[in-house]
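> Please find my_file_29.csv (CSV, N, CA and C atoms) on the next line:
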```
chain,number,residue,atom,x,y,z
A,3,ARG,N,-12.8,-0.7,-12.4
A,3,ARG,CA,-12.4,-0.4,-11.1
A,3,ARG,C,-13.4,-0.8,-10.0
A,4,LYS,N,-14.6,-0.5,-10.3
A,4,LYS,CA,-15.7,-0.9,-9.3
A,4,LYS,C,-15.7,-2.4,-9.1
A,5,ASP,N,-15.5,-3.2,-10.1
A,5,ASP,CA,-15.5,-4.6,-10.0
A,5,ASP,C,-14.4,-5.1,-9.1
A,6,LEU,N,-13.2,-4.5,-9.2
A,6,LEU,CA,-12.1,-4.8,-8.4
A,6,LEU,C,-12.3,-4.5,-6.9
A,7,LEU,N,-12.9,-3.3,-6.7
A,7,LEU,CA,-13.2,-2.9,-5.3
A,7,LEU,C,-14.2,-3.8,-4.7
A,8,ASP,N,-15.2,-4.2,-5.5
A,8,ASP,CA,-16.3,-5.1,-5.0
A,8,ASP,C,-15.6,-6.4,-4.6
A,9,PHE,N,-14.8,-6.9,-5.5
A,9,PHE,CA,-14.1,-8.2,-5.2
A,9,PHE,C,-13.3,-8.1,-3.9
A,10,LEU,N,-12.5,-7.0,-3.8
A,10,LEU,CA,-11.7,-6.8,-2.6
A,10,LEU,C,-12.6,-6.7,-1.3
A,11,ASP,N,-13.7,-6.1,-1.4
A,11,ASP,CA,-14.7,-6.0,-0.3
A,11,ASP,C,-15.1,-7.4,0.1
A,12,ARG,N,-15.5,-8.2,-0.9
A,12,ARG,CA,-16.0,-9.6,-0.6
A,12,ARG,C,-14.8,-10.4,0.0
A,13,ALA,N,-13.6,-10.2,-0.5
A,13,ALA,CA,-12.5,-11.0,0.0
A,13,ALA,C,-12.2,-10.6,1.5
A,14,MET,N,-12.4,-9.3,1.8
A,14,MET,CA,-12.2,-8.9,3.2
A,14,MET,C,-13.2,-9.5,4.1
A,15,GLN,N,-14.5,-9.6,3.6
A,15,GLN,CA,-15.6,-10.1,4.4
A,15,GLN,C,-15.4,-11.6,4.7
A,16,THR,N,-14.6,-12.3,3.9
A,16,THR,CA,-14.4,-13.7,4.1
A,16,THR,C,-13.1,-13.9,4.8
A,17,GLU,N,-12.5,-12.8,5.3
A,17,GLU,CA,-11.2,-12.8,6.1
A,17,GLU,C,-10.0,-13.4,5.3
A,18,ALA,N,-10.1,-13.2,3.9
A,18,ALA,CA,-8.9,-13.5,3.1
A,18,ALA,C,-7.8,-12.5,3.4
A,19,LEU,N,-6.6,-13.0,3.4
A,19,LEU,CA,-5.4,-12.2,3.5
A,19,LEU,C,-5.1,-11.5,2.2
A,20,ILE,N,-5.1,-10.2,2.2
A,20,ILE,CA,-4.9,-9.4,1.0
A,20,ILE,C,-3.5,-8.7,1.1
A,21,VAL,N,-2.7,-9.0,0.1
A,21,VAL,CA,-1.3,-8.4,0.0
A,21,VAL,C,-1.3,-7.5,-1.2
A,22,TYR,N,-0.7,-6.3,-1.1
A,22,TYR,CA,-0.7,-5.4,-2.2
A,22,TYR,C,0.7,-4.9,-2.4
A,23,ASP,N,1.2,-4.9,-3.6
A,23,ASP,CA,2.5,-4.4,-4.0
A,23,ASP,C,2.2,-3.3,-5.1
A,24,PRO,N,2.3,-2.1,-4.7
A,24,PRO,CA,1.8,-1.0,-5.6
A,24,PRO,C,2.8,-0.8,-6.8
A,25,ASN,N,4.1,-1.0,-6.7
A,25,ASN,CA,5.0,-0.8,-7.8
A,25,ASN,C,4.8,0.5,-8.6
A,26,ILE,N,4.9,1.6,-7.9
A,26,ILE,CA,4.6,2.9,-8.4
A,26,ILE,C,5.9,3.6,-8.9
A,27,ARG,N,5.8,4.2,-10.1
A,27,ARG,CA,6.9,4.9,-10.7
A,27,ARG,C,6.5,6.3,-11.1
A,28,ASN,N,5.3,6.5,-11.4
A,28,ASN,CA,4.9,7.9,-11.8
A,28,ASN,C,3.6,8.2,-11.1
A,29,VAL,N,3.6,9.2,-10.3
A,29,VAL,CA,2.4,9.5,-9.5
A,29,VAL,C,1.7,10.8,-10.0
A,30,ASN,N,0.4,10.7,-10.1
A,30,ASN,CA,-0.4,11.9,-10.3
A,30,ASN,C,-1.6,11.8,-9.3
A,31,PRO,N,-2.4,12.8,-9.2
A,31,PRO,CA,-3.4,12.7,-8.1
A,31,PRO,C,-4.4,11.5,-8.3
A,32,GLU,N,-4.7,11.2,-9.5
A,32,GLU,CA,-5.6,10.0,-9.8
A,32,GLU,C,-4.9,8.7,-9.4
A,33,VAL,N,-3.7,8.5,-9.7
A,33,VAL,CA,-2.9,7.3,-9.3
A,33,VAL,C,-2.8,7.3,-7.8
A,34,LYS,N,-2.5,8.4,-7.2
A,34,LYS,CA,-2.4,8.4,-5.7
A,34,LYS,C,-3.7,8.0,-5.1
A,35,ARG,N,-4.8,8.5,-5.6
A,35,ARG,CA,-6.2,8.2,-5.0
A,35,ARG,C,-6.4,6.7,-5.1
A,36,LYS,N,-6.1,6.1,-6.3
A,36,LYS,CA,-6.4,4.7,-6.5
A,36,LYS,C,-5.5,3.8,-5.6
A,37,VAL,N,-4.3,4.2,-5.5
A,37,VAL,CA,-3.3,3.5,-4.6
A,37,VAL,C,-3.8,3.5,-3.2
A,38,GLU,N,-4.2,4.7,-2.7
A,38,GLU,CA,-4.7,4.8,-1.3
A,38,GLU,C,-6.0,4.0,-1.1
A,39,GLU,N,-6.8,4.0,-2.2
A,39,GLU,CA,-8.0,3.2,-2.1
A,39,GLU,C,-7.7,1.7,-2.0
A,40,ASN,N,-6.6,1.3,-2.7
A,40,ASN,CA,-6.2,-0.1,-2.6
A,40,ASN,C,-5.6,-0.4,-1.2
A,41,PHE,N,-4.8,0.6,-0.6
A,41,PHE,CA,-4.3,0.4,0.7
A,41,PHE,C,-5.4,0.1,1.7
A,42,ALA,N,-6.6,0.8,1.5
A,42,ALA,CA,-7.7,0.6,2.4
A,42,ALA,C,-8.3,-0.8,2.3
A,43,HIS,N,-8.0,-1.5,1.3
A,43,HIS,CA,-8.5,-2.8,1.0
A,43,HIS,C,-7.5,-4.0,1.2
A,44,CYS,N,-6.4,-3.7,1.9
A,44,CYS,CA,-5.5,-4.8,2.1
A,44,CYS,C,-4.9,-4.8,3.5
A,45,HIS,N,-4.3,-5.9,3.9
A,45,HIS,CA,-3.8,-6.2,5.2
A,45,HIS,C,-2.3,-5.9,5.2
A,46,VAL,N,-1.6,-6.4,4.1
A,46,VAL,CA,-0.2,-6.3,4.0
A,46,VAL,C,0.2,-5.5,2.8
A,47,VAL,N,1.2,-4.6,3.0
A,47,VAL,CA,1.7,-3.9,1.8
A,47,VAL,C,3.2,-4.3,1.7
A,48,LYS,N,3.6,-4.8,0.5
A,48,LYS,CA,5.0,-5.1,0.2
A,48,LYS,C,5.4,-4.1,-0.8
A,49,ALA,N,6.3,-3.2,-0.5
A,49,ALA,CA,6.6,-2.1,-1.4
A,49,ALA,C,8.1,-1.7,-1.2
A,50,SER,N,8.6,-0.8,-2.1
A,50,SER,CA,9.9,-0.4,-2.0
A,50,SER,C,10.0,1.1,-1.5
A,51,THR,N,11.1,1.5,-1.0
A,51,THR,CA,11.3,2.9,-0.6
A,51,THR,C,11.1,3.8,-1.8
A,52,GLN,N,11.4,3.3,-3.0
A,52,GLN,CA,11.1,4.1,-4.2
A,52,GLN,C,9.6,4.4,-4.4
A,53,ASP,N,8.8,3.4,-4.1
A,53,ASP,CA,7.3,3.6,-4.2
A,53,ASP,C,6.9,4.7,-3.3
A,54,PHE,N,7.4,4.7,-2.1
A,54,PHE,CA,6.9,5.7,-1.1
A,54,PHE,C,7.6,7.0,-1.3
A,55,SER,N,8.7,7.0,-1.9
A,55,SER,CA,9.4,8.3,-2.2
A,55,SER,C,8.5,9.0,-3.3
A,56,GLN,N,8.0,8.3,-4.2
A,56,GLN,CA,7.1,8.8,-5.2
A,56,GLN,C,5.7,9.3,-4.6
A,57,LEU,N,5.2,8.5,-3.7
A,57,LEU,CA,3.9,8.8,-3.2
A,57,LEU,C,3.9,9.8,-2.1
A,58,TYR,N,4.8,9.7,-1.2
A,58,TYR,CA,4.7,10.6,0.0
A,58,TYR,C,6.0,11.3,0.3
A,59,ASN,N,7.0,11.3,-0.6
A,59,ASN,CA,8.3,12.0,-0.5
A,59,ASN,C,9.0,11.5,0.8
A,60,THR,N,8.9,10.3,1.1
A,60,THR,CA,9.7,9.7,2.3
A,60,THR,C,10.0,8.3,2.0
A,61,SER,N,11.2,7.9,2.6
A,61,SER,CA,11.6,6.5,2.5
A,61,SER,C,11.8,5.9,3.9
A,62,CYS,N,11.3,6.7,4.9
A,62,CYS,CA,11.5,6.3,6.3
A,62,CYS,C,10.4,5.3,6.7
A,63,ALA,N,10.8,4.1,7.1
A,63,ALA,CA,9.9,3.0,7.4
A,63,ALA,C,8.9,3.4,8.4
A,64,ASN,N,9.3,4.0,9.5
A,64,ASN,CA,8.4,4.4,10.5
A,64,ASN,C,7.3,5.4,10.0
A,65,GLU,N,7.7,6.4,9.3
A,65,GLU,CA,6.8,7.3,8.7
A,65,GLU,C,5.8,6.7,7.7
A,66,ILE,N,6.3,5.8,6.9
A,66,ILE,CA,5.5,5.1,5.9
A,66,ILE,C,4.4,4.2,6.7
A,67,PHE,N,4.9,3.5,7.7
A,67,PHE,CA,4.0,2.6,8.4
A,67,PHE,C,2.9,3.4,9.1
A,68,VAL,N,3.2,4.6,9.7
A,68,VAL,CA,2.1,5.4,10.3
A,68,VAL,C,1.1,5.8,9.2
A,69,ILE,N,1.6,6.2,8.0
A,69,ILE,CA,0.6,6.5,7.0
A,69,ILE,C,-0.3,5.4,6.6
A,70,LEU,N,0.4,4.2,6.4
A,70,LEU,CA,-0.4,3.0,6.0
A,70,LEU,C,-1.4,2.6,7.1
A,71,GLN,N,-1.0,2.7,8.4
A,71,GLN,CA,-1.9,2.3,9.4
A,71,GLN,C,-3.2,3.2,9.4
A,72,ARG,N,-3.2,4.4,8.9
A,72,ARG,CA,-4.4,5.2,8.8
A,72,ARG,C,-5.4,4.6,7.8
A,73,PHE,N,-4.9,3.7,6.9
A,73,PHE,CA,-5.7,3.0,5.9
A,73,PHE,C,-6.1,1.6,6.4
A,74,GLY,N,-5.6,1.2,7.6
A,74,GLY,CA,-6.0,-0.1,8.1
A,74,GLY,C,-5.0,-1.1,7.8
A,75,VAL,N,-3.8,-0.8,7.2
A,75,VAL,CA,-2.8,-1.8,6.9
A,75,VAL,C,-2.2,-2.3,8.2
A,76,LYS,N,-2.0,-3.6,8.3
A,76,LYS,CA,-1.4,-4.2,9.5
A,76,LYS,C,0.0,-4.5,9.4
A,77,VAL,N,0.6,-4.7,8.2
A,77,VAL,CA,1.9,-5.2,8.0
A,77,VAL,C,2.5,-4.4,6.8
A,78,LEU,N,3.8,-4.0,7.0
A,78,LEU,CA,4.6,-3.4,5.9
A,78,LEU,C,5.8,-4.2,5.7
A,79,ILE,N,6.1,-4.6,4.5
A,79,ILE,CA,7.3,-5.2,4.1
A,79,ILE,C,8.0,-4.2,3.2
A,80,LEU,N,9.0,-3.6,3.6
A,80,LEU,CA,9.7,-2.5,2.8
A,80,LEU,C,11.0,-2.9,2.3
A,81,THR,N,11.2,-2.9,1.0
A,81,THR,CA,12.5,-3.2,0.4
A,81,THR,C,13.2,-1.9,0.0
A,82,ASP,N,14.5,-2.0,0.0
A,82,ASP,CA,15.3,-0.8,-0.4
A,82,ASP,C,16.6,-1.3,-1.1
A,83,GLY,N,16.4,-1.8,-2.3
A,83,GLY,CA,17.5,-2.2,-3.1
A,83,GLY,C,18.3,-3.3,-2.4
A,84,GLU,N,19.6,-3.1,-2.2
A,84,GLU,CA,20.4,-4.2,-1.6
A,84,GLU,C,20.5,-4.0,-0.1
A,85,ASN,N,19.8,-3.0,0.5
A,85,ASN,CA,19.7,-2.8,1.9
A,85,ASN,C,18.8,-3.9,2.5
A,86,PRO,N,18.9,-4.1,3.8
A,86,PRO,CA,18.0,-5.1,4.4
A,86,PRO,C,16.5,-4.7,4.3
A,87,THR,N,15.7,-5.7,4.1
A,87,THR,CA,14.2,-5.5,4.1
A,87,THR,C,13.7,-5.3,5.5
A,88,VAL,N,12.8,-4.3,5.6
A,88,VAL,CA,12.2,-3.9,6.9
A,88,VAL,C,10.8,-4.5,7.0
A,89,LEU,N,10.5,-5.1,8.2
A,89,LEU,CA,9.2,-5.6,8.5
A,89,LEU,C,8.6,-4.7,9.6
A,90,LYS,N,7.4,-4.1,9.4
A,90,LYS,CA,6.8,-3.4,10.5
A,90,LYS,C,5.4,-4.0,10.7
A,91,THR,N,5.1,-4.2,12.0
A,91,THR,CA,3.8,-4.7,12.4
A,91,THR,C,3.2,-3.9,13.5
```
Could you quickly redo this structure as structure tokens?

Amino acid sequence: RKDLLDFLDRAMQTEALIVYDPNIRNVNPEVKRKVEENFAHCHVVKASTQDFSQLYNTSCANEIFVILQRFGVKVLILTDGENPTVLKT
């Protein structure tokens, strides 16, 4: 885990664009901590409403984006099955 975070820190220092797709299905406190740590190391999150329902008990794009902005995320690409994909910046 430390190696991954070190790699992400170096990537951020070189201004690499980091995109994260958490693909969450089962959440426990340790998983949530790691996912949030990953959010803090990326610019773009591409995820589904199902992911955020598991993590934060919401599928509202506006609420999700506010949460992600606290970690420094700049862009949210939110999918919801056959519904239109939402882009928040």
> Interatomic distance between atom CA of A:Ala13 and atom CA of A:Ser55?
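So the answer is 29.3 Å.
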> Extract, using all atoms listed in the file, all DNA, RNA and protein residues at most 6 Å from A:Val75, discarding same-chain residues fewer than 6 positions from it, and format them as a ChimeraX atom specification.
/A:41,44-46
> Please measure the separation of atom CA of A:Asp53 and atom CA of A:Ile26, giving the value in Å to one decimal.
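Those two atoms sit 5.0 Å apart.
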> Write out as a ChimeraX atom specification which residues come within 7 Å of A:Val77 when counting all atoms listed in the file, dropping same-chain ones fewer than 3 positions away.
/A:45-48,74,89-91
> Would you put the residues from that selection into a file with N, CA and C atoms, as a short mmCIF file (atom, residue, chain, number, x, y, z; two decimals), in the frame of the given file?

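The resulting file, result_32.cif, is reproduced below:
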```cif
data_model
loop_
_atom_site.label_atom_id
_atom_site.label_comp_id
_atom_site.auth_asym_id
_atom_site.auth_seq_id
_atom_site.Cartn_x
_atom_site.Cartn_y
_atom_site.Cartn_z
N HIS A 45 -4.30 -5.90 3.90
CA HIS A 45 -3.80 -6.20 5.20
C HIS A 45 -2.30 -5.90 5.20
N VAL A 46 -1.60 -6.40 4.10
CA VAL A 46 -0.20 -6.30 4.00
C VAL A 46 0.20 -5.50 2.80
N VAL A 47 1.20 -4.60 3.00
CA VAL A 47 1.70 -3.90 1.80
C VAL A 47 3.20 -4.30 1.70
N LYS A 48 3.60 -4.80 0.50
CA LYS A 48 5.00 -5.10 0.20
C LYS A 48 5.40 -4.10 -0.80
N GLY A 74 -5.60 1.20 7.60
CA GLY A 74 -6.00 -0.10 8.10
C GLY A 74 -5.00 -1.10 7.80
N LEU A 89 10.50 -5.10 8.20
CA LEU A 89 9.20 -5.60 8.50
C LEU A 89 8.60 -4.70 9.60
N LYS A 90 7.40 -4.10 9.40
CA LYS A 90 6.80 -3.40 10.50
C LYS A 90 5.40 -4.00 10.70
N THR A 91 5.10 -4.20 12.00
CA THR A 91 3.80 -4.70 12.40
C THR A 91 3.20 -3.90 13.50
#
```
> Could you tell me how far atom N of A:Arg27 lies from atom C of A:Gln56, in Å and to one decimal?
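Going from atom N of A:Arg27 over to atom C of A:Gln56, I get 7.5 Å.
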> Please provide the set of residues having any atom within 9 Å of A:Asn25, restricted to only C-alpha atoms, with same-chain residues fewer than 5 positions apart removed, written as a ChimeraX atom specification.
/A:49-50,52-53
> Just the strand (DSSP E) stuff from stretch 42-74 of chain A, please, per backbone DSSP, written as a ChimeraX atom specification.
/A:46-50
> May I ask which of the residues A:Asn40, A:Lys34, A:Val29, A:Phe67 is the closest one to A:Phe9, counting only C-alpha atoms?
A:Asn40
